[in-house]
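Q: One file is attached below, my_file_15.pdb, containing PDB, C-alpha atoms, pLDDT in the B column.
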ATOM      1  CA  MET A 148      98.221  83.767 110.787  1.00 46.00           C
ATOM      2  CA  LEU A 149      94.895  85.436 111.431  1.00 50.00           C
ATOM      3  CA  PRO A 150      94.261  89.108 110.691  1.00 55.00           C
ATOM      4  CA  LEU A 151      94.597  91.255 113.802  1.00 52.00           C
ATOM      5  CA  GLY A 152      90.886  91.900 114.221  1.00 53.00           C
ATOM      6  CA  THR A 153      89.886  88.224 114.117  1.00 56.00           C
ATOM      7  CA  TRP A 154      91.843  86.893 117.092  1.00 52.00           C
ATOM      8  CA  TYR A 155      90.638  89.446 119.637  1.00 53.00           C
ATOM      9  CA  ARG A 156      87.062  90.644 119.462  1.00 52.00           C
ATOM     10  CA  PRO A 157      85.677  91.624 122.857  1.00 53.00           C
ATOM     11  CA  THR A 158      82.208  93.084 122.731  1.00 52.00           C
ATOM     12  CA  VAL A 159      83.413  96.531 123.797  1.00 60.00           C
ATOM     13  CA  ILE A 160      85.626  97.024 120.746  1.00 67.00           C
ATOM     14  CA  LYS A 161      84.330  97.496 117.223  1.00 73.00           C
ATOM     15  CA  TRP A 162      86.881  96.709 114.515  1.00 77.00           C
ATOM     16  CA  ARG A 163      86.829  98.426 111.169  1.00 78.00           C
ATOM     17  CA  GLN A 164      89.336  98.038 108.383  1.00 81.00           C
ATOM     18  CA  ILE A 165      90.288 101.290 106.668  1.00 79.00           C
ATOM     19  CA  SER A 166      91.353 100.712 103.087  1.00 79.00           C
ATOM     20  CA  SER A 167      91.193 104.310 101.928  1.00 85.00           C
ATOM     21  CA  GLU A 168      93.376 107.329 102.697  1.00 91.00           C
ATOM     22  CA  PHE A 169      93.406 108.553 106.291  1.00 93.00           C
ATOM     23  CA  THR A 170      91.418 111.789 106.609  1.00 94.00           C
ATOM     24  CA  PRO A 171      90.441 113.892 109.619  1.00 95.00           C
ATOM     25  CA  ALA A 172      86.788 112.882 109.124  1.00 93.00           C
ATOM     26  CA  GLY A 173      87.618 109.177 108.956  1.00 91.00           C
ATOM     27  CA  LEU A 174      89.954 109.283 111.934  1.00 93.00           C
ATOM     28  CA  ALA A 175      87.342 111.143 114.000  1.00 92.00           C
ATOM     29  CA  GLN A 176      85.354 107.877 114.048  1.00 89.00           C
ATOM     30  CA  CYS A 177      88.256 106.026 115.760  1.00 88.00           C
ATOM     31  CA  ASP A 178      89.633 105.910 119.272  1.00 89.00           C
ATOM     32  CA  ILE A 179      92.601 103.651 118.484  1.00 90.00           C
ATOM     33  CA  LEU A 180      94.305 103.330 115.108  1.00 92.00           C
ATOM     34  CA  VAL A 181      96.266 100.100 114.641  1.00 91.00           C
ATOM     35  CA  ILE A 182      98.581 100.032 111.629  1.00 92.00           C
ATOM     36  CA  ALA A 183     100.437  96.773 111.021  1.00 91.00           C
ATOM     37  CA  ASN A 184     103.036  96.355 108.271  1.00 90.00           C
ATOM     38  CA  ALA A 185     101.688  98.988 105.912  1.00 90.00           C
ATOM     39  CA  LEU A 186     103.173  99.061 102.406  1.00 88.00           C
ATOM     40  CA  ASP A 187     102.877 101.396  99.474  1.00 83.00           C
ATOM     41  CA  SER A 188     101.471  99.856  96.292  1.00 77.00           C
ATOM     42  CA  ALA A 189     104.909  99.403  94.643  1.00 73.00           C
ATOM     43  CA  SER A 190     106.337  97.521  97.636  1.00 70.00           C
ATOM     44  CA  ASN A 191     103.543  94.957  97.630  1.00 72.00           C
ATOM     45  CA  THR A 192     105.251  93.046  94.854  1.00 75.00           C
ATOM     46  CA  ARG A 193     108.915  94.173  94.986  1.00 74.00           C
ATOM     47  CA  TRP A 194     110.974  94.634  98.104  1.00 78.00           C
ATOM     48  CA  VAL A 195     113.673  96.967  96.787  1.00 77.00           C
ATOM     49  CA  LEU A 196     115.355  99.951  98.381  1.00 80.00           C
ATOM     50  CA  PRO A 197     114.564 102.692  98.925  1.00 83.00           C
ATOM     51  CA  ASN A 198     111.091 101.871 100.192  1.00 84.00           C
ATOM     52  CA  ARG A 199     108.465 104.484  99.526  1.00 87.00           C
ATOM     53  CA  SER A 200     106.269 105.732 102.322  1.00 91.00           C
ATOM     54  CA  ALA A 201     102.956 103.959 102.692  1.00 92.00           C
ATOM     55  CA  PHE A 202     101.459 107.286 103.777  1.00 95.00           C
ATOM     56  CA  SER A 203     101.056 110.571 101.935  1.00 95.00           C
ATOM     57  CA  PRO A 204     102.094 113.819 103.638  1.00 96.00           C
ATOM     58  CA  ALA A 205      98.383 114.644 104.040  1.00 96.00           C
ATOM     59  CA  GLU A 206      97.736 111.319 105.784  1.00 96.00           C
ATOM     60  CA  ILE A 207     100.707 111.815 108.103  1.00 97.00           C
ATOM     61  CA  ALA A 208      99.448 115.286 109.038  1.00 97.00           C
ATOM     62  CA  ALA A 209      95.927 113.926 109.614  1.00 97.00           C
ATOM     63  CA  VAL A 210      97.167 111.130 111.900  1.00 97.00           C
ATOM     64  CA  GLN A 211      99.513 113.496 113.735  1.00 97.00           C
ATOM     65  CA  ASN A 212      96.698 116.005 114.395  1.00 97.00           C
ATOM     66  CA  TRP A 213      94.325 113.214 115.398  1.00 96.00           C
ATOM     67  CA  VAL A 214      96.836 111.916 117.981  1.00 96.00           C
ATOM     68  CA  ARG A 215      97.360 115.464 119.316  1.00 96.00           C
ATOM     69  CA  GLN A 216      93.600 115.650 119.840  1.00 95.00           C
ATOM     70  CA  GLY A 217      93.575 112.441 121.907  1.00 94.00           C
ATOM     71  CA  GLY A 218      93.617 109.583 119.399  1.00 93.00           C
ATOM     72  CA  SER A 219      95.846 106.577 120.093  1.00 92.00           C
ATOM     73  CA  LEU A 220      98.176 105.180 117.436  1.00 94.00           C
ATOM     74  CA  PHE A 221      99.642 101.673 117.603  1.00 92.00           C
ATOM     75  CA  LEU A 222     102.163 101.475 114.736  1.00 93.00           C
ATOM     76  CA  ILE A 223     103.607  98.006 114.066  1.00 92.00           C
ATOM     77  CA  ALA A 224     106.406  97.483 111.552  1.00 91.00           C
ATOM     78  CA  ASP A 225     108.260  94.243 110.978  1.00 87.00           C
ATOM     79  CA  HIS A 226     111.499  93.887 109.010  1.00 85.00           C
ATOM     80  CA  MET A 227     112.309  95.595 105.706  1.00 86.00           C
ATOM     81  CA  PRO A 228     110.316  96.839 103.735  1.00 89.00           C
ATOM     82  CA  PHE A 229     107.643  97.433 106.379  1.00 89.00           C
ATOM     83  CA  ALA A 230     109.809  99.680 108.565  1.00 90.00           C
ATOM     84  CA  GLY A 231     110.845 101.753 105.554  1.00 90.00           C
ATOM     85  CA  SER A 232     107.249 102.197 104.480  1.00 92.00           C
ATOM     86  CA  ALA A 233     106.244 103.329 107.982  1.00 94.00           C
ATOM     87  CA  ALA A 234     109.339 105.495 108.600  1.00 94.00           C
ATOM     88  CA  ASP A 235     107.815 108.843 107.608  1.00 95.00           C
ATOM     89  CA  LEU A 236     104.776 108.342 109.833  1.00 96.00           C
ATOM     90  CA  ALA A 237     106.966 107.187 112.726  1.00 96.00           C
ATOM     91  CA  ALA A 238     109.290 110.179 112.257  1.00 95.00           C
ATOM     92  CA  ALA A 239     106.326 112.533 112.699  1.00 96.00           C
ATOM     93  CA  PHE A 240     106.196 111.211 116.287  1.00 95.00           C
ATOM     94  CA  GLY A 241     109.938 111.277 116.893  1.00 94.00           C
ATOM     95  CA  VAL A 242     110.467 107.555 116.290  1.00 93.00           C
ATOM     96  CA  ARG A 243     113.226 106.312 113.981  1.00 91.00           C
ATOM     97  CA  MET A 244     112.501 103.057 112.167  1.00 89.00           C
ATOM     98  CA  LEU A 245     115.430 100.855 111.153  1.00 85.00           C
ATOM     99  CA  ASN A 246     114.628  99.368 107.766  1.00 84.00           C
ATOM    100  CA  CYS A 247     116.624  96.163 107.914  1.00 82.00           C
ATOM    101  CA  PHE A 248     116.676  92.487 108.829  1.00 77.00           C
ATOM    102  CA  ALA A 249     118.001  91.131 112.115  1.00 74.00           C
ATOM    103  CA  MET A 250     120.391  88.273 111.522  1.00 71.00           C
ATOM    104  CA  ASP A 251     122.790  86.283 113.640  1.00 68.00           C
ATOM    105  CA  ASN A 252     125.435  85.015 111.250  1.00 71.00           C
ATOM    106  CA  ARG A 253     127.912  83.934 113.902  1.00 69.00           C
ATOM    107  CA  ARG A 254     128.927  80.309 113.573  1.00 66.00           C
ATOM    108  CA  ARG A 255     128.286  78.751 116.932  1.00 62.00           C
ATOM    109  CA  VAL A 256     126.949  75.621 118.520  1.00 61.00           C
ATOM    110  CA  PRO A 257     123.148  75.745 118.849  1.00 58.00           C
ATOM    111  CA  GLU A 258     121.896  76.119 122.369  1.00 56.00           C
ATOM    112  CA  LYS A 259     120.164  73.150 123.881  1.00 52.00           C
ATOM    113  CA  PHE A 260     116.756  73.154 125.503  1.00 50.00           C
ATOM    114  CA  PHE A 261     116.234  70.517 128.144  1.00 51.00           C
ATOM    115  CA  ARG A 262     113.140  68.652 129.105  1.00 51.00           C
ATOM    116  CA  ALA A 263     112.970  66.259 131.993  1.00 50.00           C
ATOM    117  CA  GLU A 264     113.233  63.257 129.655  1.00 56.00           C
ATOM    118  CA  LYS A 265     115.875  64.303 127.113  1.00 56.00           C
ATOM    119  CA  PRO A 266     117.668  67.293 125.541  1.00 56.00           C
ATOM    120  CA  CYS A 267     116.112  69.025 122.546  1.00 55.00           C
ATOM    121  CA  SER A 268     118.223  71.063 120.113  1.00 56.00           C
ATOM    122  CA  ILE A 269     117.090  74.211 118.298  1.00 54.00           C
ATOM    123  CA  ALA A 270     117.401  72.322 114.992  1.00 58.00           C
ATOM    124  CA  HIS A 271     114.963  69.705 116.286  1.00 56.00           C
ATOM    125  CA  LEU A 272     112.536  72.371 117.504  1.00 53.00           C
ATOM    126  CA  LEU A 273     112.609  74.081 114.107  1.00 57.00           C
ATOM    127  CA  ARG A 274     111.911  70.769 112.335  1.00 55.00           C
ATOM    128  CA  VAL A 275     108.957  70.163 114.650  1.00 51.00           C
ATOM    129  CA  LEU A 276     107.577  73.708 114.574  1.00 52.00           C
ATOM    130  CA  ILE A 277     108.249  74.444 110.906  1.00 50.00           C
ATOM    131  CA  PRO A 278     107.772  71.217 108.915  1.00 48.00           C
ATOM    132  CA  LEU A 279     109.272  71.225 105.438  1.00 45.00           C
TER     133      LEU A 279
END
Please express what this file holds, its structure, as structure tokens.
A:
Amino acid sequence: MLPLGTWYRPTVIKWRQISSEFTPAGLAQCDILVIANALDSASNTRWVLPNRSAFSPAEIAAVQNWVRQGGSLFLIADHMPFAGSAADLAAAFGVRMLNCFAMDNRRRVPEKFFRAEKPCSIAHLLRVLIPL
């Protein structure tokens, strides 16, 4: 998978990766802040609960003030531990992150997908799309 900034680069958008703490001065240089699957340093190697916030209280306040002043935040969080690490920032905007995995553990017959020529099961699609 390509990093977010490499698959969409129109000439009107300038991408910049921020690898330091969010500050009012740094955020003032942005129109849109995209955060995808942020983790704190401890969660990079161990996915154990509880997940620590990826953002300090000062960073959360800086982002919150920046949004109030017209900045746009696009916060993306996948399954645990990403949602847990983004929960404090999301909560500052009234959003509750569920830090979990979505699973369907019901035992049931796989659905079938049909092409004009022949049926194709989910198991077959997974073997084709995700080779072992």
Q: Between atom CA of A:Asn252 and atom CA of A:Met227, what distance in Å does the model show, to one decimal?
A: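 We find that atom CA of A:Asn252 and atom CA of A:Met227 lie 17.7 Å from each other.
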Q: With a distance cut-off of 10 Å and only C-alpha atoms, select the neighbouring residues of A:Phe248, excluding the residue or stretch itself and same-chain residues fewer than 6 positions from it, and output the selection as a list of chain:residue names.
A: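 Everything that qualifies: A:Asp225, A:His226, A:Met227, A:Pro228, A:Ala230.
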Q: Convert the output of the PyMOL selection byres ((chain A and resi 205-209) around 10) on the shown file into explicit residues, formatted as a ChimeraX atom specification.
A: /A:168-174,201-204,210-215,235-240
Q: Calculate how many Å separate atom CA of A:Thr192 from atom CA of A:Phe221, rounding to one decimal.
A: 25.0 Å
Q: Work out how far atom CA of A:Arg243 is from atom CA of A:Pro197, in Å to one decimal.
A: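 About the pair atom CA of A:Pro197 and atom CA of A:Arg243: they are 15.5 Å apart.
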Q: With the PyMOL selection byres ((chain A and resi 224) around 8) as the selection, what would be picked from this file? Answer as an MDAnalysis selection string, please.
A: chainID A and resid 183:185 222:223 225:226 229:230 233
